[in-house]
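Following: one structure in structure tokens, then a few remarks.
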Amino acid sequence: MSQNKNDELELEYLDDESYLEEDDNNSEDEYIELFEEIDEDEEYEDDLSADKRNMDTYDDDEELNEEFADDEDLDNDAKKVNLKKENNNKEKLPKNVIVNRVMIGMGIAIACFTIFYAIVIADMFKAEPAPEPETNNVVEQPSTEVIEQPTEEPEDDSVFTSPYLDTNISQEVKDILCDVSLDSMDSGLNKLELRVENVISKAVNEDKTIYENVRNIYDYFIKNFEVTNKSYVDEDAVYDTCSSVDYKSYFDMELIYRANKALNKKSGSPEDLACALTIVFRSYGLEAYYIEGEAKIDGEYEDRGYTVVAIDDEYYVFDVAYEMENITDEANLELEYATFCKTFDEVEDIYNDEGVEDSIDNFEEFATLPQLTFDAEFSTDNGGSTSGRAKYIKGYSESGNSTDAGGDIIINLGEKIYLDGSVSNSGSNTWKLNVKVFDTEMNYVTESVLYNVTTDSKYNSVTYTPSIAGYVRLNYMVTDAYGRTCTVYTIVEVVGEEETSTDDEDTSKEEESTDDESTSEEEDSTPETTSPKYPPYEPDTSDKTTDPTSSKEEETSQDETTSKDEATDNSESSGEVDNPEETTSSM
């Protein structure tokens, strides 16, 4: 039996030779030890064969039994070694298998990275058309802000409904207001109209009666505005506020300025609040007026601004500031309405009618001035001429409303220049001619206003004769009754020798002059009437009116600017102006 076991062990070792050939990781010491065990087993088998022949003799030998026991232990050890090698064989793989597996793993990794980057690149290409939705988001953002902006002021989005009870308003007043005919009127100033529209949109409801809307506007001021002390009105601030519109009346401009300030700050003096209420009423359609009047405050009359509404030839007082100053029971949501649609008889203990008619007359219903246009033409006897048109633009200085007629006018010394002007409006106009003189090198010499006449005509004509060679700049100006000035100018070259004679030489020349020469000089100095090129022209009527004040001012100005030249002979003067009204010499 032991022999069979050894045979099996030997076969197993022989079979393991293939394993030994493949297992490069086993050390040489393990191989040598294994073969030594095999050799010992062969020797043991030979001994076992010899002992088997004498089996019977060895059965009782205890030593032999111990050897067989040792053989069994050896057999168990061999099985353990074999099992260990089998496990090693399972755990350790050949190099080519390992290389193949590594290559496969790298291939899989490369494929994964390739797919990943392919997806990323594909997303990038897909993202190119994405700007369109992004652009839409950018466009929609401002609209979102516009919608959200009023939430900063909740009242801007809310429709106002008066919280006050109207138990103190008579039914007669309600009926009067309900029967009013509405006629809306705008101020013409865009920034003010936006603020007025904001109030109208919150306080006016088309489903309500006129009375209800009027009271709602009145109560809107009481609820949302504050009364402050009187403030000084700066005229420059008034003109700055109304700079974009050329209003006819300063009264209207101050009304607009006060209303705009009060609606912007939601506070103001009684005058400011009255102006704001007046313009809001006008926008709604009531015939409202701002009154610069008087009111009894603390037993004494003082200047007071308030609003009146004309209904069927009767004036009704509205004063939100007075109402706000005298609230006694606001907690119970009840107002006295002491100055809501009250006649002067009803409030005679507070107001009088001083200033009412004057304020109504001063109101021009936000009328604007007509366009001021000035056309001027410069011409000479030798055929030279030029013309230009100046339009008045509000907000510009006088120089900003000037036009260069251009042209290239050349005249000889002593020749005349004819100036003809026409304005677009009728009424009182002041015409001026300002002359600036330069020598032949364009060095400044002197200047003076040679012509200044106020007439009721829209046409004017004047003649100028230069007496110094060089260059002259002719500034032809017109100023209308509203103080608006337009200017058309040109530069004329005067050809000839400059007169440099002294007083003695001039005296000797006068002694040598003949009677004919003196006669001709007198004829040249007489006023000359010229017909303008803009019909109809009436030289015998309107243009013959001379303003004495203007003449005196002109002579004073000439004395100040040309005193040195007037000390010399008339031959040293720079020119003469001939017109139907007067003859002016200077320089």
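Labeling convention for the structure tokens: chains A, B, ... as they appear, residues from 1 per chain, ligands from 1 in order of appearance.
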List the spatial neighbours of Ala469 of chain A as a list in words - criterion: any atom at most 8 Å away, only C-alpha atoms, same-chain residues fewer than 3 positions off excluded. Leu413, Asp439, Thr440, Pro466, Glu493, Val494, Val495, Gly496, Glu497 and Glu498 of chain A
When DSSP works through the backbone of this structure, what residues of segment 313-486 of chain A end up as alpha helix (DSSP H), shown as a ChimeraX atom specification? /A:320-325,356-362
Just-selected residues, all heavy atoms written as an mmCIF file, in the first residue's frame:
```
data_model
loop_
_atom_site.group_PDB
_atom_site.id
_atom_site.type_symbol
_atom_site.label_atom_id
_atom_site.label_comp_id
_atom_site.auth_asym_id
_atom_site.auth_seq_id
_atom_site.Cartn_x
_atom_site.Cartn_y
_atom_site.Cartn_z
ATOM 1 N N VAL A 320 -54.937 122.184 -1.089
ATOM 2 C CA VAL A 320 -54.543 120.946 -0.401
ATOM 3 C C VAL A 320 -53.604 121.252 0.764
ATOM 4 O O VAL A 320 -53.643 120.567 1.791
ATOM 5 C CB VAL A 320 -53.880 119.954 -1.373
ATOM 6 C CG1 VAL A 320 -54.890 119.402 -2.354
ATOM 7 C CG2 VAL A 320 -52.714 120.597 -2.116
ATOM 8 N N ALA A 321 -52.761 122.270 0.623
ATOM 9 C CA ALA A 321 -51.824 122.602 1.702
ATOM 10 C C ALA A 321 -52.580 123.038 2.950
ATOM 11 O O ALA A 321 -52.241 122.639 4.073
ATOM 12 C CB ALA A 321 -50.851 123.682 1.250
ATOM 13 N N TYR A 322 -53.603 123.870 2.770
ATOM 14 C CA TYR A 322 -54.402 124.302 3.918
ATOM 15 C C TYR A 322 -55.102 123.102 4.566
ATOM 16 O O TYR A 322 -55.186 123.004 5.795
ATOM 17 C CB TYR A 322 -55.429 125.345 3.474
ATOM 18 C CG TYR A 322 -56.244 125.913 4.617
ATOM 19 C CD1 TYR A 322 -55.794 127.037 5.299
ATOM 20 C CD2 TYR A 322 -57.445 125.312 5.001
ATOM 21 C CE1 TYR A 322 -56.532 127.557 6.357
ATOM 22 C CE2 TYR A 322 -58.177 125.834 6.067
ATOM 23 C CZ TYR A 322 -57.717 126.944 6.740
ATOM 24 O OH TYR A 322 -58.452 127.451 7.792
ATOM 25 N N GLU A 323 -55.593 122.206 3.742
ATOM 26 C CA GLU A 323 -56.261 121.011 4.270
ATOM 27 C C GLU A 323 -55.284 120.159 5.077
ATOM 28 O O GLU A 323 -55.622 119.641 6.153
ATOM 29 C CB GLU A 323 -56.843 120.192 3.118
ATOM 30 C CG GLU A 323 -57.976 119.269 3.503
ATOM 31 C CD GLU A 323 -59.303 120.006 3.613
ATOM 32 O OE1 GLU A 323 -59.728 120.623 2.622
ATOM 33 O OE2 GLU A 323 -59.905 119.933 4.705
ATOM 34 N N MET A 324 -54.071 120.021 4.579
ATOM 35 C CA MET A 324 -53.063 119.212 5.270
ATOM 36 C C MET A 324 -52.629 119.875 6.571
ATOM 37 O O MET A 324 -52.317 119.192 7.552
ATOM 38 C CB MET A 324 -51.865 118.991 4.344
ATOM 39 C CG MET A 324 -52.199 118.171 3.099
ATOM 40 S SD MET A 324 -50.957 118.285 1.798
ATOM 41 C CE MET A 324 -49.563 117.486 2.568
ATOM 42 N N GLU A 325 -52.571 121.192 6.575
ATOM 43 C CA GLU A 325 -52.139 121.911 7.772
ATOM 44 C C GLU A 325 -53.204 121.908 8.875
ATOM 45 O O GLU A 325 -52.905 122.205 10.026
ATOM 46 C CB GLU A 325 -51.791 123.357 7.407
ATOM 47 C CG GLU A 325 -50.552 123.481 6.528
ATOM 48 C CD GLU A 325 -50.388 124.883 5.962
ATOM 49 O OE1 GLU A 325 -51.399 125.642 5.968
ATOM 50 O OE2 GLU A 325 -49.280 125.223 5.510
ATOM 51 N N VAL A 356 -56.778 137.320 -8.057
ATOM 52 C CA VAL A 356 -57.389 136.250 -8.846
ATOM 53 C C VAL A 356 -57.422 136.607 -10.329
ATOM 54 O O VAL A 356 -56.935 135.849 -11.180
ATOM 55 C CB VAL A 356 -58.814 135.934 -8.327
ATOM 56 C CG1 VAL A 356 -59.512 134.920 -9.241
ATOM 57 C CG2 VAL A 356 -58.753 135.411 -6.903
ATOM 58 N N GLU A 357 -57.976 137.740 -10.654
ATOM 59 C CA GLU A 357 -58.088 138.139 -12.060
ATOM 60 C C GLU A 357 -56.711 138.343 -12.694
ATOM 61 O O GLU A 357 -56.496 137.982 -13.860
ATOM 62 C CB GLU A 357 -58.936 139.403 -12.188
ATOM 63 C CG GLU A 357 -60.383 139.217 -11.784
ATOM 64 C CD GLU A 357 -61.109 138.223 -12.671
ATOM 65 O OE1 GLU A 357 -60.685 138.026 -13.838
ATOM 66 O OE2 GLU A 357 -62.106 137.639 -12.200
ATOM 67 N N ASP A 358 -55.796 138.941 -11.939
ATOM 68 C CA ASP A 358 -54.444 139.149 -12.493
ATOM 69 C C ASP A 358 -53.754 137.819 -12.796
ATOM 70 O O ASP A 358 -53.098 137.678 -13.845
ATOM 71 C CB ASP A 358 -53.596 139.947 -11.500
ATOM 72 C CG ASP A 358 -54.058 141.402 -11.384
ATOM 73 O OD1 ASP A 358 -54.741 141.868 -12.315
ATOM 74 O OD2 ASP A 358 -53.739 142.041 -10.369
ATOM 75 N N SER A 359 -53.891 136.854 -11.916
ATOM 76 C CA SER A 359 -53.259 135.552 -12.147
ATOM 77 C C SER A 359 -53.868 134.848 -13.353
ATOM 78 O O SER A 359 -53.147 134.243 -14.155
ATOM 79 C CB SER A 359 -53.404 134.667 -10.905
ATOM 80 O OG SER A 359 -52.737 135.226 -9.795
ATOM 81 N N ILE A 360 -55.184 134.969 -13.486
ATOM 82 C CA ILE A 360 -55.840 134.332 -14.636
ATOM 83 C C ILE A 360 -55.409 135.002 -15.929
ATOM 84 O O ILE A 360 -55.173 134.337 -16.956
ATOM 85 C CB ILE A 360 -57.372 134.369 -14.459
ATOM 86 C CG1 ILE A 360 -57.777 133.477 -13.278
ATOM 87 C CG2 ILE A 360 -58.077 133.933 -15.732
ATOM 88 C CD1 ILE A 360 -59.255 133.532 -12.946
ATOM 89 N N ASP A 361 -55.274 136.341 -15.905
ATOM 90 C CA ASP A 361 -54.829 137.057 -17.106
ATOM 91 C C ASP A 361 -53.374 136.728 -17.455
ATOM 92 O O ASP A 361 -53.008 136.703 -18.643
ATOM 93 C CB ASP A 361 -54.986 138.560 -16.905
ATOM 94 C CG ASP A 361 -56.455 138.988 -16.833
ATOM 95 O OD1 ASP A 361 -57.306 138.218 -17.312
ATOM 96 O OD2 ASP A 361 -56.723 140.077 -16.278
ATOM 97 N N ASN A 362 -52.548 136.512 -16.458
ATOM 98 C CA ASN A 362 -51.131 136.226 -16.716
ATOM 99 C C ASN A 362 -50.896 134.811 -17.252
ATOM 100 O O ASN A 362 -49.849 134.547 -17.847
ATOM 101 C CB ASN A 362 -50.319 136.406 -15.428
ATOM 102 C CG ASN A 362 -50.208 137.848 -15.009
ATOM 103 O OD1 ASN A 362 -50.266 138.764 -15.841
ATOM 104 N ND2 ASN A 362 -50.066 138.095 -13.706
#
```
Residues within 10 Å of Val492 of chain A, only C-alpha atoms, excluding chain neighbours under 3 positions, as a PyMOL selection string: chain A and resi 378+406-411+417+437+466+470-474+489+495
From segment 353-454 of chain A, collect each residue whose DSSP state is strand (DSSP E) and return the set as number ranges by chain. A: 373-380, 385-391, 402-404, 409-412, 417-423, 429-438, 444-454
All residues 8 Å or closer to segment 342-354 of chain A, only C-alpha atoms, same chain fewer than 3 positions away omitted, as a list in words: Gly293, Glu294, Ala295, Lys296, Ile297, Glu314, Tyr315, Tyr316, Val317, Phe318, Ala338, Thr339 and Glu357 of chain A
Let me see the file: selected residues, all heavy atoms, as an mmCIF file, in the first residue's frame.
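The resulting file, part.cif, is shown below:
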```
data_model
loop_
_atom_site.group_PDB
_atom_site.id
_atom_site.type_symbol
_atom_site.label_atom_id
_atom_site.label_comp_id
_atom_site.auth_asym_id
_atom_site.auth_seq_id
_atom_site.Cartn_x
_atom_site.Cartn_y
_atom_site.Cartn_z
ATOM 1 N N GLY A 293 -52.365 134.852 -4.566
ATOM 2 C CA GLY A 293 -53.288 135.698 -3.805
ATOM 3 C C GLY A 293 -52.898 135.845 -2.354
ATOM 4 O O GLY A 293 -51.705 135.822 -2.006
ATOM 5 N N GLU A 294 -53.909 135.980 -1.523
ATOM 6 C CA GLU A 294 -53.705 136.170 -0.086
ATOM 7 C C GLU A 294 -54.636 135.244 0.680
ATOM 8 O O GLU A 294 -55.719 134.883 0.208
ATOM 9 C CB GLU A 294 -53.990 137.625 0.328
ATOM 10 C CG GLU A 294 -53.014 138.633 -0.245
ATOM 11 C CD GLU A 294 -53.347 140.042 0.203
ATOM 12 O OE1 GLU A 294 -54.488 140.280 0.681
ATOM 13 O OE2 GLU A 294 -52.473 140.922 0.080
ATOM 14 N N ALA A 295 -54.201 134.892 1.871
ATOM 15 C CA ALA A 295 -55.023 134.073 2.767
ATOM 16 C C ALA A 295 -54.746 134.495 4.197
ATOM 17 O O ALA A 295 -53.643 134.939 4.529
ATOM 18 C CB ALA A 295 -54.727 132.586 2.571
ATOM 19 N N LYS A 296 -55.782 134.369 5.048
ATOM 20 C CA LYS A 296 -55.642 134.751 6.455
ATOM 21 C C LYS A 296 -55.112 133.553 7.235
ATOM 22 O O LYS A 296 -55.799 132.537 7.378
ATOM 23 C CB LYS A 296 -56.978 135.211 7.016
ATOM 24 C CG LYS A 296 -56.895 135.755 8.429
ATOM 25 C CD LYS A 296 -58.267 136.199 8.924
ATOM 26 C CE LYS A 296 -58.756 137.410 8.141
ATOM 27 N NZ LYS A 296 -60.045 137.921 8.709
ATOM 28 N N ILE A 297 -53.885 133.693 7.690
ATOM 29 C CA ILE A 297 -53.240 132.650 8.471
ATOM 30 C C ILE A 297 -52.924 133.228 9.842
ATOM 31 O O ILE A 297 -52.246 134.266 9.960
ATOM 32 C CB ILE A 297 -51.948 132.153 7.785
ATOM 33 C CG1 ILE A 297 -52.240 131.726 6.332
ATOM 34 C CG2 ILE A 297 -51.333 131.007 8.567
ATOM 35 C CD1 ILE A 297 -53.216 130.583 6.194
ATOM 36 N N GLU A 314 -68.088 130.612 -12.241
ATOM 37 C CA GLU A 314 -67.883 130.695 -10.802
ATOM 38 C C GLU A 314 -66.523 130.085 -10.471
ATOM 39 O O GLU A 314 -66.107 129.100 -11.071
ATOM 40 C CB GLU A 314 -68.988 129.940 -10.050
ATOM 41 C CG GLU A 314 -68.928 130.054 -8.542
ATOM 42 C CD GLU A 314 -69.360 131.430 -8.051
ATOM 43 O OE1 GLU A 314 -70.465 131.876 -8.430
ATOM 44 O OE2 GLU A 314 -68.577 132.066 -7.319
ATOM 45 N N TYR A 315 -65.833 130.730 -9.524
ATOM 46 C CA TYR A 315 -64.531 130.224 -9.106
ATOM 47 C C TYR A 315 -64.676 129.445 -7.801
ATOM 48 O O TYR A 315 -65.286 129.929 -6.840
ATOM 49 C CB TYR A 315 -63.550 131.384 -8.905
ATOM 50 C CG TYR A 315 -63.222 132.150 -10.180
ATOM 51 C CD1 TYR A 315 -63.181 133.545 -10.185
ATOM 52 C CD2 TYR A 315 -62.957 131.472 -11.357
ATOM 53 C CE1 TYR A 315 -62.885 134.248 -11.339
ATOM 54 C CE2 TYR A 315 -62.662 132.167 -12.519
ATOM 55 C CZ TYR A 315 -62.638 133.549 -12.508
ATOM 56 O OH TYR A 315 -62.366 134.237 -13.660
ATOM 57 N N TYR A 316 -64.059 128.242 -7.794
ATOM 58 C CA TYR A 316 -64.103 127.385 -6.615
ATOM 59 C C TYR A 316 -62.678 127.140 -6.125
ATOM 60 O O TYR A 316 -61.786 126.786 -6.912
ATOM 61 C CB TYR A 316 -64.778 126.057 -6.945
ATOM 62 C CG TYR A 316 -66.244 126.202 -7.304
ATOM 63 C CD1 TYR A 316 -66.639 126.446 -8.625
ATOM 64 C CD2 TYR A 316 -67.223 126.114 -6.332
ATOM 65 C CE1 TYR A 316 -67.979 126.587 -8.951
ATOM 66 C CE2 TYR A 316 -68.577 126.258 -6.650
ATOM 67 C CZ TYR A 316 -68.943 126.482 -7.962
ATOM 68 O OH TYR A 316 -70.270 126.636 -8.288
ATOM 69 N N VAL A 317 -62.492 127.317 -4.839
ATOM 70 C CA VAL A 317 -61.156 127.240 -4.241
ATOM 71 C C VAL A 317 -60.815 125.790 -3.887
ATOM 72 O O VAL A 317 -61.651 125.061 -3.328
ATOM 73 C CB VAL A 317 -61.082 128.119 -2.975
ATOM 74 C CG1 VAL A 317 -59.731 127.945 -2.282
ATOM 75 C CG2 VAL A 317 -61.336 129.580 -3.320
ATOM 76 N N PHE A 318 -59.555 125.410 -4.215
ATOM 77 C CA PHE A 318 -58.975 124.133 -3.795
ATOM 78 C C PHE A 318 -57.600 124.452 -3.197
ATOM 79 O O PHE A 318 -56.764 125.069 -3.862
ATOM 80 C CB PHE A 318 -58.800 123.169 -4.966
ATOM 81 C CG PHE A 318 -60.094 122.638 -5.536
ATOM 82 C CD1 PHE A 318 -60.839 123.387 -6.427
ATOM 83 C CD2 PHE A 318 -60.544 121.380 -5.180
ATOM 84 C CE1 PHE A 318 -62.016 122.901 -6.960
ATOM 85 C CE2 PHE A 318 -61.730 120.869 -5.710
ATOM 86 C CZ PHE A 318 -62.471 121.645 -6.599
ATOM 87 N N ALA A 338 -62.382 121.623 4.138
ATOM 88 C CA ALA A 338 -62.706 123.037 4.303
ATOM 89 C C ALA A 338 -62.379 123.841 3.060
ATOM 90 O O ALA A 338 -62.958 124.917 2.845
ATOM 91 C CB ALA A 338 -61.956 123.610 5.505
ATOM 92 N N THR A 339 -61.446 123.368 2.243
ATOM 93 C CA THR A 339 -61.044 124.107 1.036
ATOM 94 C C THR A 339 -61.144 123.209 -0.189
ATOM 95 O O THR A 339 -60.307 123.270 -1.092
ATOM 96 C CB THR A 339 -59.612 124.640 1.193
ATOM 97 O OG1 THR A 339 -58.729 123.552 1.528
ATOM 98 C CG2 THR A 339 -59.535 125.698 2.268
ATOM 99 N N GLU A 357 -57.976 137.740 -10.654
ATOM 100 C CA GLU A 357 -58.088 138.139 -12.060
ATOM 101 C C GLU A 357 -56.711 138.343 -12.694
ATOM 102 O O GLU A 357 -56.496 137.982 -13.860
ATOM 103 C CB GLU A 357 -58.936 139.403 -12.188
ATOM 104 C CG GLU A 357 -60.383 139.217 -11.784
ATOM 105 C CD GLU A 357 -61.109 138.223 -12.671
ATOM 106 O OE1 GLU A 357 -60.685 138.026 -13.838
ATOM 107 O OE2 GLU A 357 -62.106 137.639 -12.200
#
```
Non-local contacts of segment 165-178 of chain A (9 Å; only C-alpha atoms; under 4 positions in same chain excluded) as a PyMOL selection string: chain A and resi 209-212+214-215+311+332-338+340-342
Preceding selection exported with C-alpha atoms as a PDB file, in the first residue's frame:
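Result went into again.pdb, see below:
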```
ATOM      1  CA  THR A 209     -67.597 109.811 -11.651  1.00  0.00           C
ATOM      2  CA  ILE A 210     -65.805 113.113 -12.213  1.00  0.00           C
ATOM      3  CA  TYR A 211     -66.469 114.068  -8.607  1.00  0.00           C
ATOM      4  CA  GLU A 212     -64.946 110.821  -7.337  1.00  0.00           C
ATOM      5  CA  VAL A 214     -61.406 114.913  -8.479  1.00  0.00           C
ATOM      6  CA  ARG A 215     -61.678 114.045  -4.795  1.00  0.00           C
ATOM      7  CA  ILE A 311     -67.130 126.157 -13.395  1.00  0.00           C
ATOM      8  CA  ASN A 332     -60.954 108.359  12.058  1.00  0.00           C
ATOM      9  CA  LEU A 333     -60.450 108.740   8.297  1.00  0.00           C
ATOM     10  CA  GLU A 334     -62.495 111.911   8.195  1.00  0.00           C
ATOM     11  CA  LEU A 335     -61.411 115.206   6.643  1.00  0.00           C
ATOM     12  CA  GLU A 336     -63.070 118.556   7.045  1.00  0.00           C
ATOM     13  CA  TYR A 337     -62.699 119.371   3.313  1.00  0.00           C
ATOM     14  CA  ALA A 338     -62.706 123.037   4.303  1.00  0.00           C
ATOM     15  CA  PHE A 340     -62.419 121.534  -1.380  1.00  0.00           C
ATOM     16  CA  CYS A 341     -64.511 123.149  -4.124  1.00  0.00           C
ATOM     17  CA  LYS A 342     -65.542 126.134  -2.034  1.00  0.00           C
TER      18      LYS A 342
END
```
May I ask for the distance between atom CA of Phe363 of chain A and atom CA of Leu255 of chain A, given in Å to one decimal place?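 Computed distance, atom CA of Phe363 of chain A to atom CA of Leu255 of chain A, equals 9.1 Å.
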All residues 9 Å or closer to Leu433 of chain A, only C-alpha atoms, same chain fewer than 5 positions away omitted, as JSON, numbers by chain: {"A": [448, 449, 450, 451, 452, 462, 474, 475, 476, 477, 478]}
Neighbours of Asp236 of chain A within 12 Å (only C-alpha atoms; same-chain residues fewer than 3 positions away dropped), as a count of residues only? 12
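Of the residues listed (A:Ser402, A:Thr380, A:Thr446, A:Asn434), A:Thr380 shows the shortest atom-to-atom separation from Gly414 of chain A; distances use only C-alpha atoms.
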Out of A:Ala237, A:Ala203, A:Val196, A:Val577, which residue has the shortest atom-to-atom distance to Arg282 of chain A when counting only C-alpha atoms?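 Nearest candidate to Arg282 of chain A out of A:Ala237, A:Ala203, A:Val196, A:Val577: A:Val196.
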